[in-house]
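Novice: Data: run24.txt, compact mmCIF, C-alpha atoms.
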# COMPACT_ATOMS: atom_id res chain seq x y z
CA MET P 29 0.00 0.00 0.00
CA ARG P 30 2.92 2.40 0.52
CA ARG P 31 3.91 2.08 -3.11
CA LEU P 32 0.63 3.50 -4.39
CA PRO P 33 1.42 7.17 -3.61
CA TYR P 34 4.85 6.81 -5.25
CA LEU P 35 3.28 5.16 -8.27
CA LEU P 36 0.69 7.95 -8.58
CA ALA P 37 3.38 10.63 -8.15
CA GLY P 38 5.51 8.93 -10.82
CA LEU P 39 2.56 8.77 -13.22
CA ALA P 40 1.74 12.43 -12.57
CA LEU P 41 5.38 13.40 -13.23
CA ALA P 42 5.45 11.34 -16.43
CA ALA P 43 2.20 12.96 -17.63
CA ALA P 44 3.53 16.46 -16.86
CA LEU P 45 6.79 15.75 -18.70
CA TYR P 46 4.92 14.35 -21.69
CA TYR P 47 2.50 17.29 -21.82
CA GLY P 48 5.17 19.94 -21.35
CA VAL P 49 8.13 18.49 -23.25
CA ALA P 50 7.07 15.78 -25.69
CA ALA P 51 3.62 17.00 -26.78
CA PRO P 52 4.82 20.27 -28.41
CA ARG P 53 7.54 18.42 -30.31
CA LEU P 54 5.06 15.77 -31.46
CA ALA P 55 2.67 18.52 -32.60
CA LEU P 56 5.55 20.20 -34.43
CA ALA P 57 6.41 16.93 -36.18
CA ALA P 58 2.76 16.55 -37.24
CA ILE P 59 2.74 20.14 -38.51
CA GLU P 60 5.91 19.49 -40.51
CA ARG P 61 4.45 16.30 -42.04
CA ALA P 62 1.21 18.07 -42.98
CA ALA P 63 3.03 21.08 -44.43
CA SER P 64 5.49 18.91 -46.36
CA ALA P 65 2.62 16.99 -47.93
CA ASP P 66 0.64 20.20 -48.67
CA ASP P 67 -2.18 18.73 -46.58
CA VAL P 68 -4.13 21.79 -45.45
CA VAL P 69 -6.77 19.67 -43.70
CA ALA P 70 -4.22 17.99 -41.43
CA LEU P 71 -2.47 21.32 -40.93
CA ALA P 72 -5.75 22.99 -39.91
CA TYR P 73 -6.03 20.54 -36.99
CA HIS P 74 -2.88 22.06 -35.49
CA VAL P 75 -3.73 25.74 -36.05
CA ASP P 76 -6.12 27.88 -34.00
CA PHE P 77 -7.06 30.27 -36.81
CA ALA P 78 -9.16 32.59 -34.63
CA SER P 79 -6.25 33.16 -32.25
CA VAL P 80 -3.79 33.65 -35.13
CA ARG P 81 -6.07 36.20 -36.78
CA GLN P 82 -6.63 38.09 -33.49
CA ALA P 83 -2.90 38.14 -32.65
CA LEU P 84 -2.06 39.47 -36.12
CA LEU P 85 -4.68 42.21 -35.85
CA GLU P 86 -3.32 43.21 -32.43
CA ASP P 87 0.24 43.22 -33.78
CA LEU P 88 -0.47 45.16 -36.98
CA GLY P 89 -2.81 47.72 -35.38
CA PRO P 90 -0.29 49.58 -33.16
CA ARG P 91 2.17 49.86 -36.06
CA ALA P 92 -0.33 51.95 -38.01
CA ALA P 93 -1.42 54.02 -34.99
CA ALA P 94 2.03 55.20 -33.88
CA PRO P 95 1.96 58.88 -32.86
CA MET P 96 3.43 61.28 -35.41
CA THR P 97 2.96 64.72 -33.83
CA ARG P 98 5.80 66.76 -32.45
CA PRO P 99 5.23 68.63 -29.16
CA GLU P 100 6.51 71.94 -30.63
CA ALA P 101 4.29 71.74 -33.75
CA GLY P 102 1.92 74.58 -34.52
CA PRO P 103 -1.88 74.19 -34.65
CA LEU P 104 -2.01 73.85 -38.45
CA GLU P 105 0.76 71.24 -38.48
CA ARG P 106 -0.91 69.31 -35.64
CA MET P 107 -4.23 69.31 -37.54
CA ALA P 108 -2.54 68.10 -40.76
CA THR P 109 -0.63 65.46 -38.82
CA THR P 110 -3.80 64.29 -37.09
CA LEU P 111 -5.60 63.98 -40.44
CA ALA P 112 -2.64 62.13 -41.97
CA GLN P 113 -2.50 59.82 -38.97
CA ALA P 114 -6.24 59.12 -39.18
CA PHE P 115 -5.84 58.29 -42.87
CA GLY P 116 -2.81 56.10 -42.05
CA VAL P 117 -4.75 54.26 -39.35
CA ALA P 118 -7.66 53.64 -41.75
CA VAL P 119 -5.34 52.32 -44.46
CA GLY P 120 -3.31 50.37 -41.89
CA THR P 121 -6.47 48.78 -40.51
CA LEU P 122 -7.63 47.81 -44.00
CA VAL P 123 -4.22 46.40 -44.94
CA GLY P 124 -3.78 44.78 -41.52
CA THR P 125 -7.16 43.08 -41.77
CA THR P 126 -6.35 41.84 -45.27
CA VAL P 127 -2.95 40.53 -44.17
CA ALA P 128 -4.49 38.87 -41.09
CA GLU P 129 -7.15 37.16 -43.22
CA LEU P 130 -4.55 36.03 -45.74
CA VAL P 131 -2.05 34.72 -43.20
CA ALA P 132 -4.67 33.16 -40.93
CA SER P 133 -5.67 30.66 -43.60
CA PRO P 134 -4.33 27.15 -44.17
CA GLU P 135 -2.62 28.24 -47.39
CA GLY P 136 -1.04 31.29 -45.75
CA ILE P 137 0.30 29.26 -42.81
CA LEU P 138 1.56 26.62 -45.26
CA GLN P 139 3.49 29.21 -47.29
CA LEU P 140 4.97 30.89 -44.21
CA LEU P 141 6.05 27.49 -42.86
CA GLY P 142 7.94 27.08 -46.12
CA GLY P 143 9.92 30.26 -45.39
CA VAL P 144 8.14 32.29 -48.06
CA PRO P 145 8.12 36.01 -47.23
CA LEU P 146 4.80 37.80 -47.04
CA ARG P 147 5.36 39.93 -50.16
CA PRO P 148 5.38 36.98 -52.62
CA LEU P 149 2.52 35.44 -50.64
CA LEU P 150 0.42 38.50 -51.46
CA GLY P 151 1.27 38.06 -55.14
CA GLY P 152 -0.18 34.58 -55.67
CA ALA P 153 1.28 31.18 -56.49
CA ILE P 154 4.71 30.40 -55.09
CA GLY P 155 5.99 27.21 -56.64
CA ARG P 156 7.46 24.10 -55.06
CA ASN P 157 7.08 23.15 -51.41
CA THR P 158 10.22 24.11 -49.45
CA VAL P 159 9.01 23.04 -46.00
CA PRO P 160 11.58 20.22 -45.47
CA GLU P 161 14.54 22.51 -46.24
CA THR P 162 13.09 25.31 -44.13
CA PHE P 163 12.39 23.06 -41.14
CA ALA P 164 16.00 21.86 -41.30
CA ARG P 165 17.11 25.48 -40.71
CA ALA P 166 14.36 26.32 -38.18
CA THR P 167 15.05 26.72 -34.46
CA THR P 168 12.82 26.06 -31.48
CA ARG P 169 12.63 27.30 -27.91
CA TYR P 170 10.31 27.26 -24.94
CA ALA P 171 8.78 30.50 -23.64
CA TRP P 172 6.74 31.57 -20.64
CA PRO P 173 3.74 31.54 -20.21
CA PRO P 174 3.76 28.00 -21.57
CA ALA P 175 4.54 28.29 -25.24
CA PHE P 176 6.75 26.59 -27.77
CA VAL P 177 8.21 28.89 -30.42
CA LEU P 178 9.26 27.75 -33.89
CA ARG P 179 11.45 30.31 -35.67
CA VAL P 180 11.33 29.76 -39.46
CA PRO P 181 13.91 31.75 -41.44
CA THR P 182 13.27 33.11 -44.92
CA ASP P 183 15.13 31.61 -47.86
CA ASP P 184 17.82 34.29 -47.75
CA GLY P 185 18.08 34.02 -43.94
CA SER P 186 17.72 37.76 -43.39
CA ASP P 187 14.49 37.51 -41.37
CA ALA P 188 12.35 34.91 -39.67
CA THR P 189 8.72 34.29 -38.90
CA GLU P 190 7.89 32.91 -35.46
CA PHE P 191 5.08 30.43 -34.92
CA VAL P 192 3.94 30.18 -31.29
CA LEU P 193 2.39 26.89 -30.19
CA ARG P 194 0.26 26.87 -27.04
CA PRO P 195 -1.80 24.12 -25.43
CA ARG P 196 -5.45 24.00 -26.44
CA GLY P 197 -6.91 21.23 -24.32
CA TRP P 198 -4.66 18.22 -24.82
CA VAL P 199 -3.41 19.39 -28.22
CA TRP P 200 -0.69 21.97 -28.86
CA LYS P 201 -1.68 24.33 -31.70
CA ILE P 202 -0.24 27.33 -33.50
CA THR P 203 -1.96 30.26 -31.79
CA GLU P 204 0.19 33.17 -32.95
CA VAL P 205 2.28 34.11 -35.96
CA ARG P 206 4.85 36.86 -35.41
CA LEU P 207 5.83 38.52 -38.65
CA PRO P 208 9.09 40.51 -38.80
CA ALA P 209 8.67 44.28 -38.78
CA GLY P 210 10.11 44.64 -42.29
CA ARG P 211 7.53 42.47 -44.05
Go ahead and express the file in the form of structure tokens.

Specialist:
Amino acid sequence: MRRLPYLLAGLALAAALYYGVAAPRLALAAIERAASADDVVALAYHVDFASVRQALLEDLGPRAAAPMTRPEAGPLERMATTLAQAFGVAVGTLVGTTVAELVASPEGILQLLGGVPLRPLLGGAIGRNTVPETFARATTRYAWPPAFVLRVPTDDGSDATEFVLRPRGWVWKITEVRLPAGR
């Protein structure tokens, strides 16, 4: 009877290690298989599209709404700057929403996993699947709060897109895509 608490503690430790260490890597392997095979249905199982879309909108919104006024500006310059900023926010919101809708789709995630920059993605068809080569160059790390980050470099290696996996129930899914500022 004294072994039962140790057995339960060992099982709990094994479950915690599996869930925290092995499960994200297994999800990443499944994502790589689905992306390599161009299987958007299998890939969609490992992506929380609503969270990806929301995170992209939150990331792209502040970039467009950055303040542009100078404290020493005159009233006419402040008014012109305010109007230009309002126009910039409107255009930024429109473009940000379009980019978020495009990226937060199975095809958009598939292309970004292949290391394709966003500019060619906006243009249309890309060509052959480069996911295996890109995953060979990709790096991973753990982050807090519990997240597993996959950093996928572009073909030229100048920038990288980060895919953040977080637990959704018992499955780890891509919940956020962090695009580089220059894209």

Novice: With distances taken over all atoms listed in the file, which residue among P:Arg206, P:Arg30, P:Arg61, P:Arg196 lies nearest Phe163 (chain P)?

Specialist: P:Arg61

Novice: May I have the protein, DNA and RNA residues with any atom at most 12 Å from the point (7.8, 29.0, -21.5), counting only C-alpha atoms, written as a ChimeraX atom specification?

Specialist: /P:48-49,52,168-177,192-195

Novice: From the set P:Ile202, P:Leu45, P:Val159, P:Ala50, which residue has the shortest atom-to-atom contact distance to Phe77 (chain P), counting all atoms listed in the file?

Specialist: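 Distance minimum relative to Phe77 (chain P) lands on P:Ile202.
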
Novice: Near Glu190 (chain P), within 7 Å and counting all atoms listed in the file, which residues show up once chain neighbours fewer than 5 positions away are dropped, as a list in words?

Specialist: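 Listed by chain and then number, they are Val177, Leu178, Arg179, Val180, Val205, Arg206 and Leu207 of chain P.
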
Novice: What is the CA of Ala83 (chain P)-CA of Ala132 (chain P) distance in Å, reported with one decimal?

Specialist: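 These atoms are spaced 9.8 Å apart.
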
Novice: Within 8 Å of Pro160 (chain P), counting only C-alpha atoms, which residues show up once you throw out same-chain ones fewer than 5 positions away? Write them as a list of chain:residue names, please.

Specialist: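 My list of contacting residues is P:Glu60, P:Ser64, P:Gly142.
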
Novice: Find the distance between CA of Glu129 (chain P) and CA of Val68 (chain P) and write it in Å to one decimal.

Specialist: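 Pair CA of Glu129 (chain P) / CA of Val68 (chain P) returns 15.8 Å.
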
Novice: Any idea what the distance is between CA of Thr203 (chain P) and CA of Leu39 (chain P)?

Specialist: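 Rounded to one decimal, the two atoms are 28.8 Å apart.
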
Novice: Mind listing as a PyMOL selection string all residues within 12 Å of (10.9, 16.6, -40.0), counting only C-alpha atoms?

Specialist: chain P and resi 53-65+159-166

Novice: Would you write out those residues with C-alpha atoms, as an mmCIF file, in the frame of the given file?

Specialist:
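The resulting file, again.cif, is reproduced below:
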data_model
loop_
_atom_site.group_PDB
_atom_site.id
_atom_site.type_symbol
_atom_site.label_atom_id
_atom_site.label_comp_id
_atom_site.auth_asym_id
_atom_site.auth_seq_id
_atom_site.Cartn_x
_atom_site.Cartn_y
_atom_site.Cartn_z
ATOM 1 C CA ARG P 53 7.540 18.420 -30.310
ATOM 2 C CA LEU P 54 5.060 15.770 -31.460
ATOM 3 C CA ALA P 55 2.670 18.520 -32.600
ATOM 4 C CA LEU P 56 5.550 20.200 -34.430
ATOM 5 C CA ALA P 57 6.410 16.930 -36.180
ATOM 6 C CA ALA P 58 2.760 16.550 -37.240
ATOM 7 C CA ILE P 59 2.740 20.140 -38.510
ATOM 8 C CA GLU P 60 5.910 19.490 -40.510
ATOM 9 C CA ARG P 61 4.450 16.300 -42.040
ATOM 10 C CA ALA P 62 1.210 18.070 -42.980
ATOM 11 C CA ALA P 63 3.030 21.080 -44.430
ATOM 12 C CA SER P 64 5.490 18.910 -46.360
ATOM 13 C CA ALA P 65 2.620 16.990 -47.930
ATOM 14 C CA VAL P 159 9.010 23.040 -46.000
ATOM 15 C CA PRO P 160 11.580 20.220 -45.470
ATOM 16 C CA GLU P 161 14.540 22.510 -46.240
ATOM 17 C CA THR P 162 13.090 25.310 -44.130
ATOM 18 C CA PHE P 163 12.390 23.060 -41.140
ATOM 19 C CA ALA P 164 16.000 21.860 -41.300
ATOM 20 C CA ARG P 165 17.110 25.480 -40.710
ATOM 21 C CA ALA P 166 14.360 26.320 -38.180
#

Novice: Give me the box for region 189-202 of chain P as AutoDock Vina command-line options, namely the centre and edge lengths in Å to one decimal of a box along x, y and z that holds every listed atom plus 5 Å on each side.

Specialist:
--center_x 0.9 --center_y 26.3 --center_z -31.6 --size_x 25.6 --size_y 26.1 --size_z 24.6

Novice: Name all residues at most 10 Å from Glu135 (chain P) (count only C-alpha atoms; drop same-chain ones fewer than 6 positions away) and give them as a list of chain:residue names.

Specialist: P:Ala63, P:Asp66, P:Asp67, P:Val68, P:Leu71, P:Ala72, P:Leu141, P:Leu149
